[in-house]
Amino acid sequence: SIHDVLTMASIIELEASAAHDEMPKVSAVFYNRLVWDEPKLLGSSPTIDYPYGNGRYDTNVHEGLPPGPLCAPSEDAILAAVTPAENFTATYFVTDSEMKFYYNNSYSAHLQTIAKLKQQGKWLG
């Protein structure tokens with residue numbers, strides 16, 4: 001539905017607004033998480049502290065998409081929500097202090113990337 005597209009696009013916008021070229025990959029990660037066998041948690045950081053909805057928008061706690069958009073997404077974010085990167089299997093991503101994106105297919109690899117970024121002084125955490 002258009003509501004779901006705009007909700008997904010708003011999360012993509014907040015996660016990758018400084019890197020529009022990464023939006024289709026970020027989109028793919030979130031769609032991959034919606035269909036995997038684990039809890040369908042998007043795990044989007046911007047949703048944690050969303051000030052409205054009494055925590056219902058927190059995708060680290062609630063499965064699936066939040067009840068509605070978190071912001072007005074850009075055209076690029078909407079396009080990414082409609083056309084995520086094809087054949088992109090990653091289920092985790094993180095950015096460093098220089099807004100470089102790192103994608104992983106497992107939680108253990110994701111944690112290794114975070115540890116490496118911390119060691120390099122590039123972790124935003």
# chains A, B, ... in the order shown; residues from 1 in each chain; ligands from 1
>>> residues_around(residues="His62 of chain A", least_positions_apart="4", cutoff="10 Å", atoms="only C-alpha atoms", output="list in words")
Pro39, Lys40, Leu41, Leu42, Gly43, Gly55, Arg56, Tyr57, Asp58 and Pro66 of chain A
>>> write_last_selection(atoms="C-alpha atoms", output="JSON list (two decimals), in the first residue's frame")
[["chain", "number", "residue", "atom", "x", "y", "z"],
["A", 39, "PRO", "CA", 11.80, -11.97, 14.38],
["A", 40, "LYS", "CA", 10.80, -9.48, 11.68],
["A", 41, "LEU", "CA", 12.56, -6.58, 13.43],
["A", 42, "LEU", "CA", 13.87, -3.86, 11.12],
["A", 43, "GLY", "CA", 16.26, -2.64, 13.82],
["A", 55, "GLY", "CA", 7.26, 3.42, 21.65],
["A", 56, "ARG", "CA", 5.08, 1.81, 18.97],
["A", 57, "TYR", "CA", 7.49, 3.05, 16.29],
["A", 58, "ASP", "CA", 10.54, 1.29, 17.77],
["A", 66, "PRO", "CA", 5.88, 1.09, 12.37]]
>>> select_by_dssp(residues="chain A", states="strand (DSSP E or B)", output="list in words")
Tyr92, Phe93, Val94, Thr95, Phe101, Tyr102, Tyr103 and Asn104 of chain A
>>> select_by_dssp(residues="segment 8-108 of chain A", states="helix (DSSP H, G or I)", output="MDAnalysis selection string")
chainID A and resid 8:16 20:35 45:48 75:82 107:108
>>> closest_residue(among="A:Asn54, A:Ile2, A:Glu38, A:Gly125", to="Tyr107 of chain A", atoms="only C-alpha atoms")
A:Glu38
>>> residues_around(residues="segment 82-94 of chain A", least_positions_apart="5", cutoff="8 Å", atoms="only C-alpha atoms", output="CSV table (one decimal) with N, CA, C and O atoms, in the first residue's frame")
chain,number,residue,atom,x,y,z
A,5,VAL,N,4.6,2.0,1.7
A,5,VAL,CA,5.7,2.5,0.9
A,5,VAL,C,6.3,3.8,1.6
A,5,VAL,O,7.5,4.0,1.8
A,23,MET,N,20.6,4.3,-0.8
A,23,MET,CA,19.2,4.0,-0.4
A,23,MET,C,18.6,2.7,-0.9
A,23,MET,O,17.9,2.0,-0.2
A,24,PRO,N,18.9,2.3,-2.2
A,24,PRO,CA,18.3,1.0,-2.7
A,24,PRO,C,18.9,-0.2,-1.9
A,24,PRO,O,18.1,-1.2,-1.6
A,25,LYS,N,20.1,-0.1,-1.4
A,25,LYS,CA,20.7,-1.2,-0.6
A,25,LYS,C,20.1,-1.2,0.8
A,25,LYS,O,19.8,-2.3,1.3
A,26,VAL,N,20.0,-0.1,1.4
A,26,VAL,CA,19.3,0.0,2.7
A,26,VAL,C,17.9,-0.5,2.6
A,26,VAL,O,17.5,-1.3,3.5
A,27,SER,N,17.2,-0.1,1.6
A,27,SER,CA,15.9,-0.7,1.4
A,27,SER,C,15.9,-2.2,1.3
A,27,SER,O,15.0,-2.8,1.9
A,28,ALA,N,16.8,-2.7,0.5
A,28,ALA,CA,16.8,-4.2,0.4
A,28,ALA,C,17.1,-4.9,1.7
A,28,ALA,O,16.5,-5.9,2.0
A,29,VAL,N,18.0,-4.3,2.6
A,29,VAL,CA,18.2,-4.8,3.9
A,29,VAL,C,16.9,-4.9,4.7
A,29,VAL,O,16.6,-5.9,5.3
A,30,PHE,N,16.2,-3.8,4.7
A,30,PHE,CA,15.0,-3.8,5.5
A,30,PHE,C,13.9,-4.8,4.9
A,30,PHE,O,13.3,-5.5,5.7
A,32,ASN,N,14.6,-7.5,3.3
A,32,ASN,CA,15.2,-8.9,3.7
A,32,ASN,C,14.8,-9.2,5.1
A,32,ASN,O,14.5,-10.4,5.4
A,33,ARG,N,14.8,-8.2,6.0
A,33,ARG,CA,14.5,-8.5,7.4
A,33,ARG,C,13.0,-8.7,7.6
A,33,ARG,O,12.6,-9.4,8.5
A,101,PHE,N,29.0,3.1,4.2
A,101,PHE,CA,28.1,2.0,4.6
A,101,PHE,C,28.8,0.6,4.5
A,101,PHE,O,29.6,0.4,3.5
A,102,TYR,N,28.5,-0.2,5.4
A,102,TYR,CA,29.1,-1.6,5.5
A,102,TYR,C,27.9,-2.6,5.6
A,102,TYR,O,27.0,-2.4,6.5
A,103,TYR,N,27.8,-3.6,4.7
A,103,TYR,CA,26.7,-4.5,4.7
A,103,TYR,C,27.2,-5.9,5.1
A,103,TYR,O,28.3,-6.3,4.7
A,104,ASN,N,26.4,-6.6,5.8
A,104,ASN,CA,26.7,-8.0,6.2
A,104,ASN,C,25.5,-8.9,6.1
A,104,ASN,O,24.4,-8.4,6.2
A,105,ASN,N,25.8,-10.2,6.0
A,105,ASN,CA,24.7,-11.2,5.9
A,105,ASN,C,24.5,-12.0,7.2
A,105,ASN,O,23.6,-12.8,7.2
A,106,SER,N,25.2,-11.7,8.2
A,106,SER,CA,25.0,-12.4,9.5
A,106,SER,C,25.3,-11.4,10.6
A,106,SER,O,26.0,-10.4,10.5
A,107,TYR,N,24.7,-11.7,11.8
A,107,TYR,CA,24.9,-10.9,12.9
A,107,TYR,C,26.4,-10.9,13.4
A,107,TYR,O,26.9,-9.9,13.8
A,110,HIS,N,28.3,-8.6,11.3
A,110,HIS,CA,27.9,-7.3,11.7
A,110,HIS,C,28.7,-6.8,12.9
A,110,HIS,O,29.3,-5.7,12.9
A,114,ILE,N,31.5,-3.8,13.4
A,114,ILE,CA,31.4,-2.7,14.5
A,114,ILE,C,32.7,-2.7,15.3
A,114,ILE,O,33.2,-1.6,15.6
>>> residues_around(residues="Leu124 of chain A", least_positions_apart="3", cutoff="8 Å", atoms="only C-alpha atoms", output="list in words")
Thr95, Asp96 and Ser97 of chain A
>>> closest_residue(among="A:Leu117, A:Ile48, A:Ala80, A:Leu70", to="His3 of chain A", atoms="only C-alpha atoms")
A:Leu70
>>> atom_distance(atom1="atom CA of His20 of chain A", atom2="atom CA of Asp76 of chain A")
6.5 Å
>>> residues_around(residues="Ile78 of chain A", least_positions_apart="5", cutoff="7 Å", atoms="only C-alpha atoms", output="ChimeraX atom specification")
/A:5-6,9,73
>>> write_last_selection(atoms="all heavy atoms", output="compact mmCIF listing (two decimals), in the first residue's frame")
# COMPACT_ATOMS: atom_id res chain seq x y z
N VAL A 5 4.62 2.01 1.72
CA VAL A 5 5.75 2.54 0.93
C VAL A 5 6.29 3.81 1.59
O VAL A 5 7.50 3.97 1.75
CB VAL A 5 5.32 2.81 -0.53
CG1 VAL A 5 6.37 3.63 -1.27
CG2 VAL A 5 5.05 1.50 -1.25
N LEU A 6 5.40 4.71 1.98
CA LEU A 6 5.84 5.96 2.60
C LEU A 6 6.47 5.70 3.98
O LEU A 6 7.43 6.38 4.36
CB LEU A 6 4.68 6.94 2.71
CG LEU A 6 4.18 7.49 1.38
CD1 LEU A 6 2.97 8.38 1.59
CD2 LEU A 6 5.29 8.25 0.66
N ALA A 9 9.87 4.29 3.16
CA ALA A 9 10.68 5.38 2.60
C ALA A 9 11.15 6.34 3.68
O ALA A 9 12.27 6.84 3.63
CB ALA A 9 9.89 6.12 1.52
N PRO A 73 9.60 11.64 3.35
CA PRO A 73 10.75 11.11 2.62
C PRO A 73 10.99 11.83 1.29
O PRO A 73 10.07 12.37 0.69
CB PRO A 73 10.38 9.65 2.38
CG PRO A 73 8.89 9.63 2.41
CD PRO A 73 8.47 10.72 3.34
>>> closest_residue(among="A:Ile12, A:Lys116, A:Lys122, A:Tyr31", to="Gly64 of chain A", atoms="only C-alpha atoms")
A:Tyr31
>>> atom_distance(atom1="atom CA of Ser17 of chain A", atom2="atom CA of Asp49 of chain A")
17.6 Å
>>> decode(residues="segment 59-93 of chain A", atoms="N, CA and C atoms", output="PDB file, in the first residue's frame")
ATOM      1  N   THR A  59      11.375  -0.096  15.960  1.00  0.00           N
ATOM      2  CA  THR A  59      11.507  -1.319  15.173  1.00  0.00           C
ATOM      3  C   THR A  59      12.542  -2.276  15.742  1.00  0.00           C
ATOM      4  N   ASN A  60      13.101  -1.947  16.893  1.00  0.00           N
ATOM      5  CA  ASN A  60      13.968  -2.891  17.595  1.00  0.00           C
ATOM      6  C   ASN A  60      13.144  -3.742  18.551  1.00  0.00           C
ATOM      7  N   VAL A  61      11.897  -3.336  18.788  1.00  0.00           N
ATOM      8  CA  VAL A  61      11.001  -4.023  19.719  1.00  0.00           C
ATOM      9  C   VAL A  61       9.789  -4.605  19.000  1.00  0.00           C
ATOM     10  N   HIS A  62       9.231  -3.844  18.062  1.00  0.00           N
ATOM     11  CA  HIS A  62       8.011  -4.246  17.360  1.00  0.00           C
ATOM     12  C   HIS A  62       8.338  -4.743  15.957  1.00  0.00           C
ATOM     13  N   GLU A  63       7.787  -5.899  15.604  1.00  0.00           N
ATOM     14  CA  GLU A  63       8.021  -6.484  14.286  1.00  0.00           C
ATOM     15  C   GLU A  63       7.321  -5.689  13.183  1.00  0.00           C
ATOM     16  N   GLY A  64       7.871  -5.777  11.993  1.00  0.00           N
ATOM     17  CA  GLY A  64       7.279  -5.151  10.825  1.00  0.00           C
ATOM     18  C   GLY A  64       7.485  -3.653  10.786  1.00  0.00           C
ATOM     19  N   LEU A  65       6.704  -3.016   9.947  1.00  0.00           N
ATOM     20  CA  LEU A  65       6.792  -1.564   9.805  1.00  0.00           C
ATOM     21  C   LEU A  65       6.112  -0.870  10.982  1.00  0.00           C
ATOM     22  N   PRO A  66       6.582   0.315  11.337  1.00  0.00           N
ATOM     23  CA  PRO A  66       5.877   1.088  12.370  1.00  0.00           C
ATOM     24  C   PRO A  66       4.511   1.545  11.856  1.00  0.00           C
ATOM     25  N   PRO A  67       3.679   2.123  12.733  1.00  0.00           N
ATOM     26  CA  PRO A  67       2.314   2.484  12.343  1.00  0.00           C
ATOM     27  C   PRO A  67       2.210   3.544  11.249  1.00  0.00           C
ATOM     28  N   GLY A  68       3.274   4.283  11.003  1.00  0.00           N
ATOM     29  CA  GLY A  68       3.219   5.313   9.976  1.00  0.00           C
ATOM     30  C   GLY A  68       4.588   5.906   9.723  1.00  0.00           C
ATOM     31  N   PRO A  69       4.691   6.804   8.736  1.00  0.00           N
ATOM     32  CA  PRO A  69       5.965   7.453   8.411  1.00  0.00           C
ATOM     33  C   PRO A  69       6.521   8.257   9.585  1.00  0.00           C
ATOM     34  N   LEU A  70       7.849   8.351   9.626  1.00  0.00           N
ATOM     35  CA  LEU A  70       8.534   9.104  10.670  1.00  0.00           C
ATOM     36  C   LEU A  70       8.924  10.498  10.193  1.00  0.00           C
ATOM     37  N   CYS A  71       8.880  10.720   8.878  1.00  0.00           N
ATOM     38  CA  CYS A  71       9.236  12.010   8.293  1.00  0.00           C
ATOM     39  C   CYS A  71       8.659  12.053   6.884  1.00  0.00           C
ATOM     40  N   ALA A  72       8.856  13.169   6.209  1.00  0.00           N
ATOM     41  CA  ALA A  72       8.484  13.279   4.797  1.00  0.00           C
ATOM     42  C   ALA A  72       9.685  12.813   3.975  1.00  0.00           C
ATOM     43  N   PRO A  73       9.601  11.638   3.347  1.00  0.00           N
ATOM     44  CA  PRO A  73      10.750  11.112   2.615  1.00  0.00           C
ATOM     45  C   PRO A  73      10.991  11.830   1.291  1.00  0.00           C
ATOM     46  N   SER A  74      12.239  11.794   0.865  1.00  0.00           N
ATOM     47  CA  SER A  74      12.619  12.366  -0.425  1.00  0.00           C
ATOM     48  C   SER A  74      12.150  11.454  -1.558  1.00  0.00           C
ATOM     49  N   GLU A  75      12.190  11.976  -2.759  1.00  0.00           N
ATOM     50  CA  GLU A  75      11.838  11.174  -3.930  1.00  0.00           C
ATOM     51  C   GLU A  75      12.757   9.964  -4.048  1.00  0.00           C
ATOM     52  N   ASP A  76      14.057  10.154  -3.762  1.00  0.00           N
ATOM     53  CA  ASP A  76      15.004   9.035  -3.840  1.00  0.00           C
ATOM     54  C   ASP A  76      14.647   7.939  -2.846  1.00  0.00           C
ATOM     55  N   ALA A  77      14.230   8.323  -1.647  1.00  0.00           N
ATOM     56  CA  ALA A  77      13.858   7.325  -0.644  1.00  0.00           C
ATOM     57  C   ALA A  77      12.595   6.579  -1.063  1.00  0.00           C
ATOM     58  N   ILE A  78      11.646   7.293  -1.647  1.00  0.00           N
ATOM     59  CA  ILE A  78      10.415   6.640  -2.121  1.00  0.00           C
ATOM     60  C   ILE A  78      10.746   5.663  -3.245  1.00  0.00           C
ATOM     61  N   LEU A  79      11.598   6.086  -4.181  1.00  0.00           N
ATOM     62  CA  LEU A  79      12.008   5.187  -5.267  1.00  0.00           C
ATOM     63  C   LEU A  79      12.720   3.957  -4.716  1.00  0.00           C
ATOM     64  N   ALA A  80      13.560   4.138  -3.699  1.00  0.00           N
ATOM     65  CA  ALA A  80      14.264   3.004  -3.096  1.00  0.00           C
ATOM     66  C   ALA A  80      13.289   2.064  -2.399  1.00  0.00           C
ATOM     67  N   ALA A  81      12.258   2.614  -1.773  1.00  0.00           N
ATOM     68  CA  ALA A  81      11.256   1.781  -1.103  1.00  0.00           C
ATOM     69  C   ALA A  81      10.471   0.948  -2.112  1.00  0.00           C
ATOM     70  N   VAL A  82      10.278   1.503  -3.310  1.00  0.00           N
ATOM     71  CA  VAL A  82       9.531   0.805  -4.351  1.00  0.00           C
ATOM     72  C   VAL A  82      10.432  -0.153  -5.126  1.00  0.00           C
ATOM     73  N   THR A  83      11.708   0.226  -5.296  1.00  0.00           N
ATOM     74  CA  THR A  83      12.647  -0.583  -6.076  1.00  0.00           C
ATOM     75  C   THR A  83      13.949  -0.781  -5.307  1.00  0.00           C
ATOM     76  N   PRO A  84      13.941  -1.668  -4.314  1.00  0.00           N
ATOM     77  CA  PRO A  84      15.174  -1.946  -3.584  1.00  0.00           C
ATOM     78  C   PRO A  84      16.214  -2.592  -4.503  1.00  0.00           C
ATOM     79  N   ALA A  85      17.458  -2.566  -4.094  1.00  0.00           N
ATOM     80  CA  ALA A  85      18.527  -3.195  -4.872  1.00  0.00           C
ATOM     81  C   ALA A  85      18.182  -4.661  -5.128  1.00  0.00           C
ATOM     82  N   GLU A  86      18.346  -5.087  -6.370  1.00  0.00           N
ATOM     83  CA  GLU A  86      18.020  -6.462  -6.738  1.00  0.00           C
ATOM     84  C   GLU A  86      19.128  -7.416  -6.323  1.00  0.00           C
ATOM     85  N   ASN A  87      18.734  -8.618  -5.941  1.00  0.00           N
ATOM     86  CA  ASN A  87      19.677  -9.688  -5.579  1.00  0.00           C
ATOM     87  C   ASN A  87      20.669  -9.252  -4.515  1.00  0.00           C
ATOM     88  N   PHE A  88      20.235  -8.407  -3.607  1.00  0.00           N
ATOM     89  CA  PHE A  88      21.093  -7.923  -2.521  1.00  0.00           C
ATOM     90  C   PHE A  88      20.645  -8.642  -1.256  1.00  0.00           C
ATOM     91  N   THR A  89      21.498  -9.499  -0.721  1.00  0.00           N
ATOM     92  CA  THR A  89      21.085 -10.421   0.332  1.00  0.00           C
ATOM     93  C   THR A  89      21.410  -9.965   1.752  1.00  0.00           C
ATOM     94  N   ALA A  90      22.093  -8.850   1.899  1.00  0.00           N
ATOM     95  CA  ALA A  90      22.503  -8.406   3.238  1.00  0.00           C
ATOM     96  C   ALA A  90      21.301  -8.193   4.152  1.00  0.00           C
ATOM     97  N   THR A  91      21.507  -8.485   5.440  1.00  0.00           N
ATOM     98  CA  THR A  91      20.456  -8.293   6.437  1.00  0.00           C
ATOM     99  C   THR A  91      20.888  -7.343   7.546  1.00  0.00           C
ATOM    100  N   TYR A  92      22.100  -6.822   7.447  1.00  0.00           N
ATOM    101  CA  TYR A  92      22.616  -5.866   8.426  1.00  0.00           C
ATOM    102  C   TYR A  92      23.413  -4.791   7.701  1.00  0.00           C
ATOM    103  N   PHE A  93      23.401  -3.591   8.248  1.00  0.00           N
ATOM    104  CA  PHE A  93      24.294  -2.547   7.753  1.00  0.00           C
ATOM    105  C   PHE A  93      24.617  -1.604   8.895  1.00  0.00           C
TER     106      PHE A  93
END
